[in-house]
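Step one of this worksheet: look at the structure below.
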Amino acid sequence: MLTHINIKDLVIVSALELDLAAGMSTLTGETGAGKSILIDALGLALGEKADASMIRTGSDRAEVSAGFDLAHCPEARDWLSQQALDDGDECLIRRVLVRKGRARAFINGQSASSGQLRALGDLLVDIHGQHAHQSLLRTAAQRELLDAYGGHQALTTRVADLYRSYRDLDTRWRELTAARDERAERIDLLRYQVQDLDDLALAKGELGELDIEQRRLANQGQLQGTAAALVNLLYEGGGSDIGEGAVALRDQLGHAASELAGLADIDQRLRETRELIDGAMVQVEEAAANLRQYLDDLDMDPARLADIEDRLGRIHDMARKYRVKPEELPQALEQRRTELDRLEQADQSIGNLGQERDSAAAALLEQAEALSDARRKAAERLGSTVTETMQTLGMGGGHFAVEINSAGPDGIGAGGLDSIAFQVSANPGQPLQPLVKVASGGELSRISLAIQVATAEIGSIPTLVFDEVDVGIGGGVAEIVGRLLRRLGDARQVLCVTHLPQVAAQAQQQFRVQKQAIDGQTYTDIQPLGSDQRIEEIARMLGGTEITATTRAHAAEMLRGAG
């Protein structure tokens with residue numbers, strides 16, 4: 001439950017610290033005093049949208065802190081543990097607004113996102129605004145409320161998950177079926193292309209080898225002539241295109257070696273030079289021998305050159321045809337073969353997918369029908385409970401019912417088979433009508449309150465906040481409303497903003513909200529009231545600006561009657 005809340009520089013609150021107890025607490029005060037500011041601050045702490053305009057004029061930042069006792073809220077403790085934010089039975093939430101910059105949030109001293117605040121807030125506090133009955137007019141809200149009342153959360157989640165799975169399978173099946181003709185045309189094209197590329201049979205690395213061989217064969221005359229001339233130059237001498245009439249390099253090196261042999265006998269330092277020349281002669285002889293072997297192996301083959309050039313022409317033509325680089329043709333073949341295999345298996349996939357879709361549809365229908373049965377039982381209980389409560393709220397003879405219309409299998413959706421409609425007869429003899437058609441705002445408020453009380457009693461959220469939900473109610477009905485809220489406070493913590501003395505008198509704890517102007521600035525303050533102060537406040541609510549002994553006595557009697 002909510003144990004305390006601290007507010008600093010928020011709207012017209014300069015500083016406020018409030019401790020709250022179990023049971024029913026009320027906030028009262030003059031109209032416009034700012035009774036709802038506490039509710040707004042609590043909503044801010046629990047992740048509602050932050051706005052810098054909420055910061056008090058003249059301040060650069062605002063801060064709200066809310067403390068909770070989690071001893072009887074295992075769901076919140078489990079959530080905090082999963083988020084690694086737990087700190088025993090205590091939980092402190094802090095929200096800081098800055099005029100320039102982004103708002104910051106903290107849970108038990110650790111930084112948190114607004115999404116985390118909202119998720120935790122949903123487990124800790126349920127806020128019913130004074131216009132909450134407006135949401136009850138929406139069919140989606142009515143269905144959600146019925147499911148919450150019946151405890152169908154696990155079943156509704158299962159139905160929604162099964163529906164999403166079925167919808168995905170159905171979408172895929174429809175896409176494959178619709179594209180069957182288009183797929184057949186694509187398969188014919190791919191079969192032709194795969195056969196075309198298969199016939200080319202371009203092997204990995206073949207293109208590079210063909211290029212090398214083509215260059216060699218195309219330049220064979222130059223290779224042969226130049227190699228023969230080099231043999232003459234290096235070893236044989238004589239007439240040639242290179243060095244006509246010249247002495248062979250081998251002979252020149254031999255002559256140089258002979259000359260050096262005589263000189264080396266005179267000067268030993270020339271021996272190394274002679275050895276180098278002797279080595280050069282050996283290398284020249286080896287080079288000449290390699291060239292002779294190369295000339296012997298060199299084979300003029302014009303037919304082979306024609307074959308290679310034809311093969312390269314086919315490869316390049318195919319590359320232009322498929323708009324890829326020649327070396328990418330094997331990859332293009334593999335891509336088309338893969339796509340062809342996938343499309344050829346599509347008909348089989350359609351069959352398998354259809355079976356999966358039918359199985360998913362059957363499972364979805366089974367769970368949706370189970371949800372419909374559970375909703376009908378919950379609808380009967382809720383109708384009886386709300387009808388009973390209406391009798392005490394000045395609507396004797398009124399009747400409340402939940403109408404459930406179930407569609408066939410074709411009308412199934414994420415919410416199941418059912419459309420939910422809250423219906424009411426406010427007076428005896430009147431037929432049931434949809435809640436949206438109830439004319440009287442006061443009647444609608446009372447019906448809304450009856451629904452909220454009926455559904456709140458079965459919830460697990462420890463703190464319930466009612467922000468002037470009793471608007472449009474007065475007299476003896478107001479006292480009954482107060483008793484209902486007090487009874488609700490026996491099991492849950494109830495915080496109620498009210499302008500009705502009959503409601504305020506039922507509270508175990510009462511706070512007065514006051515607004516005052518100091519030095520041209522407006523301030524709001526909230527103070528807990530003792531016994532005598534509560535009499536004065538209830539008397540004010542009863543008698544307006546002029547409080548008499550009679551109104552004080554009436555106020556005291558109301559407080560005694562509430563116990």
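Identifiers in this document derive from the order of the structure tokens: chains are assigned A, B, ..., residues are numbered from 1 separately in each chain, and ligands are numbered from 1 in order of occurrence.
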For this session: Give the alpha helix (DSSP H) residues of region 308-340 of chain A, as assigned by DSSP on the backbone, as a list in words.
Result: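 After running DSSP on the backbone, region 308-340 of chain A has alpha helix (DSSP H) at Ile308, Glu309, Asp310, Arg311, Leu312, Gly313, Arg314, Ile315, His316, Asp317, Met318, Ala319, Arg320, Lys321, Leu329, Pro330, Gln331, Ala332, Leu333, Glu334, Gln335, Arg336, Arg337, Thr338, Glu339 and Leu340 of chain A.
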Problem set entry | Distance query region 30-44 of chain A at most 6 Å, only C-alpha atoms, self and fewer than 6 positions along chain excluded, as a PyMOL selection string | chain A and resi 513-515
For this session: Considering only C-alpha atoms, return as a ChimeraX atom specification whatever protein or nucleic-acid residues lie within 10 Å of region 173-179 of chain A, sequence-local ones (same chain, fewer than 6 positions apart) excluded.
Result: /A:167,343,346-347,349-357
Same residues, C-alpha atoms, output as a tab-separated table (two decimals), in the first residue's frame:
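Saved the output as again.tsv:
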chain	number	residue	atom	x	y	z
A	167	ARG	CA	-3.19	-14.93	-38.57
A	343	LEU	CA	9.51	-22.38	-55.68
A	346	ALA	CA	6.10	-24.18	-52.67
A	347	ASP	CA	3.14	-26.36	-53.64
A	349	SER	CA	4.70	-25.94	-48.61
A	350	ILE	CA	1.16	-24.74	-49.34
A	351	GLY	CA	-0.19	-28.11	-48.29
A	352	ASN	CA	1.90	-28.26	-45.11
A	353	LEU	CA	1.12	-24.63	-44.33
A	354	GLY	CA	-2.58	-25.27	-44.84
A	355	GLN	CA	-2.46	-28.12	-42.34
A	356	GLU	CA	-0.65	-25.93	-39.82
A	357	ARG	CA	-3.19	-23.16	-40.36
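In terms of minimum interatomic distance to Ala370 (chain A), A:Ser406 ranks closest within A:Ser406, A:Gln193, A:Thr3, A:Gln222, counting only C-alpha atoms.
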